[in-house]
file run-v2.tsv (TSV, C-alpha atoms)
chain	number	residue	atom	x	y	z
H	30	MET	CA	154.55	-134.44	145.95
H	31	PRO	CA	151.89	-133.85	148.62
H	32	ARG	CA	150.74	-136.81	150.68
H	33	ALA	CA	147.35	-138.22	149.72
H	34	GLY	CA	144.52	-136.16	151.12
H	35	SER	CA	146.69	-133.26	152.15
H	36	SER	CA	146.18	-131.05	149.15
H	37	HIS	CA	142.59	-129.94	149.54
H	38	HIS	CA	142.85	-127.74	152.59
H	39	GLY	CA	146.63	-127.30	152.72
H	40	SER	CA	148.62	-128.73	155.58
H	41	THR	CA	148.04	-126.91	158.80
H	42	CYS	CA	149.95	-129.38	160.92
H	43	GLU	CA	152.51	-127.54	163.02
H	44	GLY	CA	151.77	-124.41	160.97
H	45	VAL	CA	154.13	-125.27	158.13
H	46	MET	CA	153.72	-126.32	154.54
H	47	GLN	CA	155.85	-127.91	151.86
H	48	LEU	CA	156.08	-126.07	148.54
H	49	VAL	CA	158.37	-126.17	145.54
H	50	ILE	CA	159.57	-122.60	145.12
H	51	ASN	CA	161.84	-121.67	142.23
H	52	GLY	CA	162.63	-125.32	141.71
H	53	ASP	CA	163.59	-126.14	145.29
H	54	ALA	CA	161.51	-128.04	147.87
H	55	ARG	CA	160.97	-125.62	150.72
H	56	THR	CA	159.24	-125.71	154.07
H	57	THR	CA	157.54	-122.42	154.85
H	58	ALA	CA	155.19	-121.14	157.50
H	59	HIS	CA	151.62	-121.90	156.53
H	60	ALA	CA	150.23	-119.34	154.08
H	61	GLU	CA	146.57	-119.11	153.07
H	62	ASN	CA	147.28	-117.30	149.83
H	63	VAL	CA	150.02	-116.04	147.55
H	64	GLU	CA	150.14	-112.61	149.16
H	65	GLN	CA	150.78	-114.21	152.58
H	66	LEU	CA	153.43	-116.45	151.06
H	67	LEU	CA	155.29	-113.46	149.63
H	68	ALA	CA	155.14	-111.70	152.99
H	69	GLU	CA	156.46	-114.86	154.64
H	70	LEU	CA	159.39	-114.87	152.19
H	71	GLY	CA	160.07	-111.19	152.76
H	72	LEU	CA	159.21	-110.19	149.18
H	73	ASP	CA	157.53	-107.02	147.99
H	74	PRO	CA	154.55	-108.06	145.81
H	75	ARG	CA	155.08	-105.00	143.59
H	76	ALA	CA	158.62	-106.10	142.75
H	77	VAL	CA	157.95	-109.70	141.72
H	78	VAL	CA	155.73	-111.77	139.45
H	79	VAL	CA	154.37	-115.11	140.62
H	80	GLU	CA	153.51	-118.21	138.66
H	81	LEU	CA	151.51	-120.83	140.56
H	82	ASN	CA	151.54	-124.28	138.97
H	83	ARG	CA	152.56	-122.67	135.65
H	84	VAL	CA	149.74	-120.08	135.73
H	85	ILE	CA	150.58	-116.42	136.28
H	86	VAL	CA	148.86	-114.94	139.34
H	87	ARG	CA	147.79	-111.43	138.43
H	88	ARG	CA	148.63	-108.83	141.07
H	89	PRO	CA	145.04	-108.00	142.07
H	90	LEU	CA	144.47	-111.72	142.71
H	91	LEU	CA	147.49	-112.39	144.95
H	92	ALA	CA	145.40	-112.19	148.14
H	93	SER	CA	142.55	-114.31	146.83
H	94	THR	CA	144.63	-117.07	145.26
H	95	PRO	CA	145.06	-119.94	147.71
H	96	VAL	CA	148.35	-121.77	148.18
H	97	VAL	CA	148.18	-125.44	149.11
H	98	GLU	CA	150.65	-128.14	150.08
H	99	GLY	CA	152.79	-129.29	147.15
H	100	ASP	CA	152.16	-126.27	144.93
H	101	GLN	CA	154.84	-125.36	142.41
H	102	VAL	CA	155.63	-121.68	142.75
H	103	GLU	CA	157.88	-119.57	140.55
H	104	ILE	CA	158.79	-116.09	141.76
H	105	VAL	CA	160.63	-113.91	139.26
H	106	HIS	CA	161.82	-110.34	138.96
H	107	PHE	CA	163.87	-108.17	136.60
H	108	VAL	CA	167.63	-108.41	136.64
H	109	GLY	CA	170.33	-106.83	134.50
H	110	GLY	CA	170.33	-108.14	130.94
H	111	GLY	CA	170.98	-107.20	127.34
A	8	MET	CA	162.77	-89.24	116.54
A	9	LEU	CA	162.55	-92.99	116.66
A	10	GLU	CA	158.99	-94.27	116.79
A	11	ILE	CA	158.16	-97.85	117.73
A	12	ALA	CA	154.51	-98.88	117.72
A	13	GLY	CA	153.38	-95.33	118.38
A	14	LYS	CA	155.86	-94.54	121.13
A	15	SER	CA	158.53	-91.94	120.37
A	16	PHE	CA	162.11	-91.89	121.60
A	17	HIS	CA	164.69	-89.12	121.22
A	18	SER	CA	167.67	-91.43	121.41
A	19	ARG	CA	168.43	-94.05	118.77
A	20	LEU	CA	170.75	-95.82	121.17
A	21	MET	CA	169.30	-98.48	123.46
A	22	VAL	CA	171.38	-100.16	126.12
A	23	GLY	CA	171.36	-103.33	128.16
A	24	THR	CA	171.93	-103.56	131.90
A	25	GLY	CA	173.89	-106.82	132.17
A	26	LYS	CA	177.48	-107.55	133.16
A	27	TYR	CA	178.39	-104.18	134.69
A	28	ARG	CA	180.95	-104.21	137.48
A	29	SER	CA	178.58	-102.25	139.72
A	30	ASN	CA	175.12	-100.72	139.64
A	31	ASP	CA	176.65	-97.30	140.13
A	32	GLU	CA	178.87	-97.68	137.07
A	33	MET	CA	175.89	-98.99	135.07
A	34	LEU	CA	173.76	-95.99	135.96
A	35	ARG	CA	176.48	-93.51	135.08
A	36	ALA	CA	177.08	-95.30	131.76
A	37	ILE	CA	173.37	-95.32	130.88
A	38	ASP	CA	173.19	-91.65	131.74
A	39	ALA	CA	176.19	-90.87	129.51
A	40	SER	CA	174.72	-92.92	126.65
A	41	GLY	CA	171.58	-90.80	126.62
A	42	ALA	CA	169.52	-93.97	126.13
A	43	GLU	CA	165.85	-93.99	127.06
A	44	VAL	CA	165.20	-97.64	126.32
A	45	VAL	CA	167.02	-100.01	128.66
A	46	THR	CA	166.69	-103.77	128.55
A	47	VAL	CA	166.24	-106.09	131.52
A	48	ALA	CA	165.95	-109.86	131.88
A	49	VAL	CA	163.47	-112.00	133.82
A	50	ARG	CA	164.98	-114.41	136.34
A	51	ARG	CA	164.06	-116.27	139.53
A	52	VAL	CA	164.31	-114.27	142.73
A	53	ASN	CA	167.11	-115.51	144.97
A	54	LEU	CA	165.13	-116.34	148.11
A	55	ASP	CA	168.22	-116.39	150.29
A	56	ARG	CA	168.86	-112.77	149.41
A	57	ALA	CA	165.27	-111.54	149.37
A	58	ASP	CA	166.24	-108.24	150.97
A	59	GLU	CA	168.64	-107.41	148.15
A	60	LEU	CA	167.53	-104.40	146.11
A	61	GLY	CA	166.41	-105.38	142.63
A	62	ILE	CA	167.44	-103.57	139.48
A	63	LEU	CA	164.16	-101.65	139.48
A	64	HIS	CA	165.34	-99.89	142.59
A	65	HIS	CA	168.06	-98.35	140.41
A	66	LEU	CA	166.18	-97.94	137.13
A	67	THR	CA	163.13	-95.89	137.89
A	68	PRO	CA	160.49	-96.60	135.24
A	69	ASP	CA	159.49	-92.94	135.03
A	70	ARG	CA	162.95	-92.10	133.72
A	71	TYR	CA	163.68	-95.13	131.52
A	72	PHE	CA	161.57	-97.24	129.23
A	73	LEU	CA	162.10	-100.78	130.49
A	74	LEU	CA	162.26	-103.31	127.68
A	75	ALA	CA	162.14	-106.86	129.01
A	76	ASN	CA	163.95	-109.51	127.02
A	77	THR	CA	163.51	-113.27	126.77
A	78	ALA	CA	167.26	-113.90	126.81
A	79	GLY	CA	168.23	-117.45	127.60
A	80	CYS	CA	165.09	-118.97	126.07
A	81	TYR	CA	165.66	-121.84	123.65
A	82	SER	CA	162.10	-122.52	122.48
A	83	ALA	CA	159.04	-120.54	121.43
A	84	ASP	CA	157.07	-121.84	124.44
A	85	GLU	CA	159.75	-120.80	126.89
A	86	ALA	CA	160.07	-117.33	125.33
A	87	ILE	CA	156.28	-116.88	125.39
A	88	ARG	CA	156.23	-117.84	129.08
A	89	TYR	CA	158.96	-115.28	129.89
A	90	ALA	CA	157.23	-112.57	127.86
A	91	ARG	CA	153.98	-113.10	129.75
A	92	LEU	CA	155.79	-112.94	133.10
A	93	ALA	CA	157.53	-109.73	132.03
A	94	ARG	CA	154.28	-108.09	130.99
A	95	GLU	CA	152.74	-108.96	134.33
A	96	ALA	CA	155.43	-106.85	135.99
A	97	GLY	CA	153.24	-104.05	134.71
A	98	PHE	CA	155.50	-101.57	132.95
A	99	ASN	CA	154.54	-102.00	129.31
A	100	ASP	CA	153.62	-104.61	126.72
A	101	TYR	CA	156.84	-104.35	124.71
A	102	VAL	CA	159.16	-107.34	124.66
A	103	LYS	CA	162.54	-107.93	123.10
A	104	LEU	CA	161.94	-111.43	121.88
A	105	GLU	CA	164.89	-113.79	121.76
A	106	VAL	CA	164.61	-117.46	120.89
A	107	ILE	CA	168.14	-118.79	120.84
A	108	GLY	CA	169.06	-121.80	118.70
A	109	ASP	CA	172.66	-122.54	119.60
A	110	LYS	CA	174.63	-122.19	122.83
A	111	GLU	CA	177.96	-121.51	121.19
A	112	THR	CA	176.99	-118.71	118.80
A	113	LEU	CA	173.73	-117.62	120.51
A	114	LEU	CA	172.32	-117.30	116.99
A	115	PRO	CA	168.53	-117.11	116.85
A	116	ASP	CA	166.23	-120.06	116.16
A	117	THR	CA	164.24	-118.24	113.48
A	118	THR	CA	161.51	-120.91	113.31
A	119	GLY	CA	160.84	-120.61	117.04
A	120	LEU	CA	161.15	-116.84	116.81
A	121	LEU	CA	158.45	-116.60	114.14
A	122	GLU	CA	156.19	-118.96	116.05
A	123	ALA	CA	156.55	-116.93	119.27
A	124	THR	CA	156.10	-113.63	117.41
A	125	ILE	CA	152.79	-114.80	115.95
A	126	VAL	CA	151.46	-115.91	119.36
A	127	LEU	CA	152.64	-112.83	121.26
A	128	ALA	CA	151.49	-110.32	118.63
A	129	LYS	CA	148.01	-111.89	118.83
A	130	GLU	CA	148.10	-111.41	122.60
A	131	GLY	CA	148.76	-107.71	122.11
A	132	PHE	CA	152.48	-107.71	122.77
A	133	LYS	CA	154.67	-105.20	120.94
A	134	VAL	CA	157.34	-107.59	119.75
A	135	LEU	CA	160.86	-106.41	118.94
A	136	ALA	CA	162.35	-109.54	117.43
A	137	TYR	CA	166.06	-110.30	117.77
A	138	THR	CA	167.04	-112.08	114.55
A	139	ASN	CA	169.94	-112.76	112.23
A	140	ASP	CA	170.76	-110.62	109.21
A	141	ASP	CA	168.52	-112.61	106.88
A	142	LEU	CA	166.07	-110.56	104.81
A	143	ILE	CA	163.47	-113.30	104.41
A	144	THR	CA	163.22	-113.92	108.17
A	145	ALA	CA	162.98	-110.16	108.73
A	146	LEU	CA	160.11	-109.92	106.22
A	147	ARG	CA	158.32	-112.87	107.84
A	148	LEU	CA	158.70	-111.30	111.28
A	149	GLU	CA	157.15	-108.08	110.03
A	150	ASP	CA	154.27	-110.07	108.51
A	151	ALA	CA	153.86	-111.91	111.81
A	152	GLY	CA	153.24	-108.63	113.59
A	153	ALA	CA	156.63	-107.61	114.98
A	154	VAL	CA	156.71	-103.85	115.67
A	155	ALA	CA	160.47	-103.74	115.14
A	156	VAL	CA	163.02	-106.15	113.75
A	157	MET	CA	166.43	-106.41	115.39
A	158	PRO	CA	169.03	-108.02	113.15
A	159	LEU	CA	172.46	-108.70	114.62
A	160	ALA	CA	175.65	-106.95	113.53
A	161	SER	CA	177.55	-110.04	114.77
A	162	PRO	CA	176.95	-112.59	117.57
A	163	ILE	CA	175.85	-111.44	121.02
A	164	GLY	CA	178.77	-110.32	123.17
A	165	SER	CA	181.31	-110.92	120.38
A	166	GLY	CA	182.27	-107.30	119.70
A	167	LEU	CA	183.08	-108.29	116.11
A	168	GLY	CA	181.29	-105.26	114.70
A	169	LEU	CA	179.16	-105.11	111.54
A	170	LEU	CA	179.91	-108.25	109.54
A	171	ASN	CA	177.48	-107.71	106.69
A	172	PRO	CA	176.58	-104.08	105.95
A	173	TYR	CA	174.89	-105.10	102.70
A	174	PHE	CA	172.38	-107.41	104.41
A	175	ILE	CA	171.58	-104.83	107.07
A	176	ARG	CA	171.05	-102.20	104.37
A	177	THR	CA	168.84	-104.57	102.41
A	178	ILE	CA	166.69	-105.37	105.45
A	179	LYS	CA	166.31	-101.67	106.18
A	180	SER	CA	165.31	-100.91	102.59
A	181	ARG	CA	162.62	-103.60	102.51
A	182	LEU	CA	160.90	-103.28	105.91
A	183	SER	CA	158.29	-100.76	107.00
A	184	VAL	CA	158.79	-101.30	110.74
A	185	PRO	CA	161.89	-99.88	112.46
A	186	VAL	CA	165.12	-101.84	112.07
A	187	ILE	CA	167.26	-101.74	115.20
A	188	VAL	CA	170.60	-103.49	115.01
A	189	ASP	CA	171.10	-105.55	118.14
A	190	ALA	CA	174.30	-107.26	119.23
A	191	GLY	CA	177.90	-107.36	118.06
A	192	VAL	CA	178.92	-103.72	118.22
A	193	GLY	CA	182.33	-103.47	119.90
A	194	THR	CA	183.43	-99.87	119.70
A	195	ALA	CA	182.32	-96.45	118.48
A	196	SER	CA	183.35	-96.93	114.83
A	197	ASP	CA	181.17	-100.09	114.70
A	198	ALA	CA	178.18	-98.11	115.95
A	199	CYS	CA	178.84	-95.32	113.47
A	200	LEU	CA	179.11	-97.77	110.58
A	201	VAL	CA	175.85	-99.46	111.63
A	202	MET	CA	174.00	-96.13	111.69
A	203	GLU	CA	175.49	-95.17	108.30
A	204	GLN	CA	173.49	-98.07	106.80
A	205	GLY	CA	170.35	-96.04	107.52
A	206	VAL	CA	168.92	-98.22	110.28
A	207	ASP	CA	166.69	-96.72	112.94
A	208	GLY	CA	168.73	-97.52	116.01
A	209	ILE	CA	171.18	-99.76	117.85
A	210	LEU	CA	170.95	-101.81	121.02
A	211	MET	CA	174.16	-102.68	122.80
A	212	ASN	CA	175.27	-103.99	126.17
A	213	THR	CA	178.67	-105.67	126.32
A	214	ALA	CA	180.46	-102.91	124.39
A	215	LEU	CA	179.69	-100.61	127.32
A	216	ALA	CA	179.77	-103.03	130.25
A	217	GLU	CA	183.11	-104.58	129.28
A	218	ALA	CA	184.85	-101.38	128.23
A	219	ARG	CA	187.70	-100.40	130.55
A	220	ASP	CA	185.74	-97.19	131.18
A	221	PRO	CA	182.03	-97.83	130.49
A	222	VAL	CA	181.03	-94.21	131.10
A	223	GLU	CA	183.54	-92.88	128.58
A	224	MET	CA	182.58	-95.57	126.06
A	225	ALA	CA	178.90	-94.71	126.55
A	226	THR	CA	179.68	-91.10	125.64
A	227	ALA	CA	181.63	-92.28	122.59
A	228	MET	CA	178.69	-94.47	121.53
A	229	ARG	CA	176.19	-91.65	121.94
A	230	LEU	CA	178.31	-89.46	119.66
A	231	ALA	CA	178.95	-92.31	117.20
A	232	VAL	CA	175.25	-93.11	116.85
A	233	GLU	CA	174.46	-89.46	116.26
A	234	SER	CA	177.42	-89.10	113.90
A	235	GLY	CA	176.50	-92.17	111.86
A	236	ARG	CA	172.89	-91.04	111.63
A	237	ARG	CA	173.94	-87.59	110.42
A	238	ALA	CA	176.35	-89.06	107.87
A	239	TRP	CA	173.54	-91.22	106.52
A	240	HIS	CA	171.26	-88.17	106.33
A	241	ALA	CA	174.00	-86.22	104.57
A	242	GLY	CA	174.40	-88.90	101.89
A	243	ARG	CA	177.93	-90.12	101.33
A	244	MET	CA	179.97	-89.50	98.17
A	245	PRO	CA	180.21	-92.33	95.65
A	246	ARG	CA	183.02	-94.87	95.97
A	247	ARG	CA	185.48	-94.76	93.04
A	248	GLU	CA	188.26	-97.04	92.02
A	249	VAL	CA	190.31	-94.08	90.73
A	250	ALA	CA	191.66	-90.92	92.34
A	251	VAL	CA	190.06	-87.59	91.49
A	252	PRO	CA	192.09	-84.50	92.43
A	253	SER	CA	190.56	-82.07	94.89
A	254	SER	CA	192.64	-79.11	93.67
A	255	PRO	CA	192.18	-77.49	90.24
A	256	THR	CA	194.14	-79.02	87.38
A	257	GLU	CA	194.00	-75.63	85.62
A	258	GLY	CA	196.43	-72.85	86.42
A	259	MET	CA	199.51	-74.99	87.00
A	260	LEU	CA	202.92	-73.28	86.34
A	261	ARG	CA	204.40	-74.16	83.00
call {"tool": "encode", "arguments": {"input": "run-v2.tsv", "output": "structure tokens"}}
result
Amino acid sequence: MPRAGSSHHGSTCEGVMQLVINGDARTTAHAENVEQLLAELGLDPRAVVVELNRVIVRRPLLASTPVVEGDQVEIVHFVGGG
Amino acid sequence: MLEIAGKSFHSRLMVGTGKYRSNDEMLRAIDASGAEVVTVAVRRVNLDRADELGILHHLTPDRYFLLANTAGCYSADEAIRYARLAREAGFNDYVKLEVIGDKETLLPDTTGLLEATIVLAKEGFKVLAYTNDDLITALRLEDAGAVAVMPLASPIGSGLGLLNPYFIRTIKSRLSVPVIVDAGVGTASDACLVMEQGVDGILMNTALAEARDPVEMATAMRLAVESGRRAWHAGRMPRREVAVPSSPTEGMLR
């Protein structure tokens, strides 16, 4: 969970932020928005779908959707299946 | 031609993409099967292997019709969540809806399945519902807005073949939407027998992926599906409990 007061503007201290990505707590370089976060993680936005705090982030909104300290992020893609 | 919610397909055989020994073998098997519809699953990206090429790198959407499934979902809510994620990937609004009720048999939770079908159909999804071989559930799914109903031949990955031809035939005779048998086919004769019931198509995965030679089995399945379909078209002879000679009984030497 984010520390009190840290969630409104994201944590810019030392340029990193704490997120829960795909169920794991993860420290990443500070990202302003989902598009930046994907770039930080080395992911192609056209190949994944992102859920931010249980809400799907539509592709055209990736750059305008802010990411803040403590956010729960799910990043999924297609894999082999029957 | 197989038509599902206004989209036409030449092949009545649909294949999954799971459990293959390699992507190369999978692609060659899909090619040999002649399938246009291929299923994929939605899963978390492995962030430690973010540079790994995803399955979409191999299955170009201009060549195959990608049908996302909700495999592994055990409630209506979970399946709805997966379906929405899959649609956001942007290929189409078709979903192979699975709501599983039991880990051991992977049999469907038909209550959850109906609930999810109602919600997703209202959201504009084209729902292909994986269900058991129960007529009443199949009818309810059609009423709920499913564009195709997918009864099982036998449990997923079991390879036990068609356990209840009568129920499959009954479902086919009573539904207006396409009936596509999904799961349980083990070898070519199973696929042929399924198609001889008059159903519109078959979806299979393990029968190909776990064959010693998936490419050869995919060819066998392509032929079996076509063969079974043709036999159904041709109309089989009646079953009799007595022998009837094929050669004339007249003209025998005295």
call {"tool": "axis_aligned_box", "arguments": {"input": "run-v2.tsv", "around": "range 72-83 of chain H", "padding_each_side": "8 Å", "output": "JSON"}}
result
{"center_x": 155.4, "center_y": -114.6, "center_z": 142.4, "size_x": 23.7, "size_y": 35.3, "size_z": 29.5}
call {"tool": "closest_residue", "arguments": {"input": "run-v2.tsv", "among": "A:Glu10, A:Glu95, A:Glu85, A:Asp38", "to": "chain H", "atoms": "all atoms listed in the file"}}
result
A:Glu95
call {"tool": "closest_residue", "arguments": {"input": "run-v2.tsv", "among": "A:Ala250, A:Ile178, A:Ile163, A:Ala12", "to": "Ala78 in chain A", "atoms": "all atoms listed in the file"}}
result
A:Ile163
call {"tool": "closest_residue", "arguments": {"input": "run-v2.tsv", "among": "H:Leu91, H:Ala54, H:Gln101, H:Val79", "to": "chain A", "atoms": "all atoms listed in the file"}}
result
H:Val79
call {"tool": "closest_residue", "arguments": {"input": "run-v2.tsv", "among": "A:Val251, A:Leu9, A:Ala225, A:Ala48", "to": "chain H", "atoms": "all atoms listed in the file"}}
result
A:Ala48
call {"tool": "atom_distance", "arguments": {"input": "run-v2.tsv", "atom1": "CA of Leu104 in chain A", "atom2": "CA of Tyr137 in chain A"}}
result
5.9 Å
call {"tool": "interface_residues", "arguments": {"input": "run-v2.tsv", "of": "chain H", "to": "chain A", "cutoff": "10 Å", "atoms": "all atoms listed in the file", "output": "list in words"}}
result
Ile50, Asn51, Gly52, Leu70, Gly71, Leu72, Asp73, Pro74, Arg75, Ala76, Val77, Val78, Val79, Glu80, Arg83, Val84, Ile85, Val86, Arg87, Arg88, Glu103, Ile104, Val105, His106, Phe107, Val108, Gly109, Gly110 and Gly111 of chain H
call {"tool": "closest_residue", "arguments": {"input": "run-v2.tsv", "among": "H:Val96, H:Asp53, H:Leu48, H:Pro89", "to": "Gln65 in chain H", "atoms": "all atoms listed in the file"}}
result
H:Val96
call {"tool": "atom_distance", "arguments": {"input": "run-v2.tsv", "atom1": "CA of Cys80 in chain A", "atom2": "CA of Asn139 in chain A"}}
result
15.9 Å
call {"tool": "residues_around", "arguments": {"input": "run-v2.tsv", "residues": "Gly235 in chain A", "least_positions_apart": "4", "cutoff": "8 Å", "atoms": "all atoms listed in the file", "output": "PyMOL selection string"}}
result
chain A and resi 198-203+231+239
call {"tool": "atom_distance", "arguments": {"input": "run-v2.tsv", "atom1": "CA of Phe72 in chain A", "atom2": "CA of Glu43 in chain A"}}
result
5.8 Å
call {"tool": "residues_around", "arguments": {"input": "run-v2.tsv", "residues": "range 167-173 of chain A", "least_positions_apart": "6", "cutoff": "9 Å", "atoms": "all atoms listed in the file", "output": "list of chain:residue names"}}
result
A:Asp140, A:Leu159, A:Ala160, A:Ser161, A:Ala190, A:Gly191, A:Val192, A:Gly193, A:Thr194, A:Ser196, A:Asp197, A:Ala198, A:Leu200, A:Val201, A:Gln204
call {"tool": "residues_around", "arguments": {"input": "run-v2.tsv", "residues": "Ala58 in chain H", "least_positions_apart": "4", "cutoff": "10 Å", "atoms": "only C-alpha atoms", "output": "NGL selection string"}}
result
:H and (41 or 43-47 or 65-66 or 69-70)
call {"tool": "decode", "arguments": {"input": "run-v2.tsv", "residues": "range 45-110 of chain H", "atoms": "C-alpha atoms", "output": "CSV table (one decimal), in the first residue's frame"}}
result
chain,number,residue,atom,x,y,z
H,45,VAL,CA,11.4,5.4,-8.7
H,46,MET,CA,7.9,4.2,-7.8
H,47,GLN,CA,6.3,1.1,-6.2
H,48,LEU,CA,3.6,-0.7,-8.1
H,49,VAL,CA,1.9,-4.0,-7.9
H,50,ILE,CA,2.4,-5.5,-11.4
H,51,ASN,CA,0.8,-8.8,-12.3
H,52,GLY,CA,0.5,-9.6,-8.6
H,53,ASP,CA,4.0,-8.8,-7.6
H,54,ALA,CA,5.3,-5.7,-5.7
H,55,ARG,CA,7.8,-4.1,-8.1
H,56,THR,CA,10.0,-1.0,-8.0
H,57,THR,CA,10.2,0.7,-11.4
H,58,ALA,CA,11.6,3.9,-12.7
H,59,HIS,CA,9.1,6.7,-12.3
H,60,ALA,CA,6.4,6.7,-15.0
H,61,GLU,CA,3.9,9.5,-15.6
H,62,ASN,CA,1.5,7.3,-17.5
H,63,VAL,CA,0.8,3.8,-18.6
H,64,GLU,CA,2.5,4.2,-22.0
H,65,GLN,CA,5.7,5.3,-20.2
H,66,LEU,CA,5.4,2.3,-17.8
H,67,LEU,CA,5.1,-0.1,-20.7
H,68,ALA,CA,8.2,1.4,-22.3
H,69,GLU,CA,10.0,1.2,-19.0
H,70,LEU,CA,9.1,-2.5,-18.8
H,71,GLY,CA,10.2,-3.1,-22.4
H,72,LEU,CA,6.7,-4.0,-23.6
H,73,ASP,CA,5.1,-3.2,-27.0
H,74,PRO,CA,1.8,-1.5,-26.3
H,75,ARG,CA,0.3,-3.1,-29.4
H,76,ALA,CA,1.0,-6.6,-28.0
H,77,VAL,CA,-0.5,-6.2,-24.5
H,78,VAL,CA,-3.6,-5.2,-22.8
H,79,VAL,CA,-3.4,-3.2,-19.5
H,80,GLU,CA,-5.8,-3.2,-16.5
H,81,LEU,CA,-5.2,-0.4,-14.0
H,82,ASN,CA,-6.8,-1.0,-10.6
H,83,ARG,CA,-9.2,-3.5,-12.3
H,84,VAL,CA,-10.2,-1.0,-15.1
H,85,ILE,CA,-9.1,-1.7,-18.7
H,86,VAL,CA,-7.0,1.1,-20.1
H,87,ARG,CA,-8.0,1.4,-23.8
H,88,ARG,CA,-5.1,1.7,-26.2
H,89,PRO,CA,-5.8,5.4,-27.3
H,90,LEU,CA,-5.7,6.3,-23.6
H,91,LEU,CA,-2.4,4.7,-22.6
H,92,ALA,CA,-0.5,8.0,-22.8
H,93,SER,CA,-3.1,10.0,-21.0
H,94,THR,CA,-3.8,7.6,-18.1
H,95,PRO,CA,-1.6,8.5,-15.1
H,96,VAL,CA,0.2,5.9,-13.0
H,97,VAL,CA,0.6,6.6,-9.3
H,98,GLU,CA,2.4,5.0,-6.4
H,99,GLY,CA,0.7,1.8,-5.2
H,100,ASP,CA,-1.4,1.2,-8.4
H,101,GLN,CA,-2.4,-2.3,-9.2
H,102,VAL,CA,-1.4,-3.1,-12.8
H,103,GLU,CA,-2.3,-6.2,-14.8
H,104,ILE,CA,-0.5,-6.6,-18.1
H,105,VAL,CA,-1.8,-9.5,-20.2
H,106,HIS,CA,-1.3,-10.9,-23.7
H,107,PHE,CA,-2.3,-13.9,-25.8
H,108,VAL,CA,-0.6,-17.2,-25.3
H,109,GLY,CA,-1.2,-20.7,-26.7
H,110,GLY,CA,-4.5,-22.2,-25.6
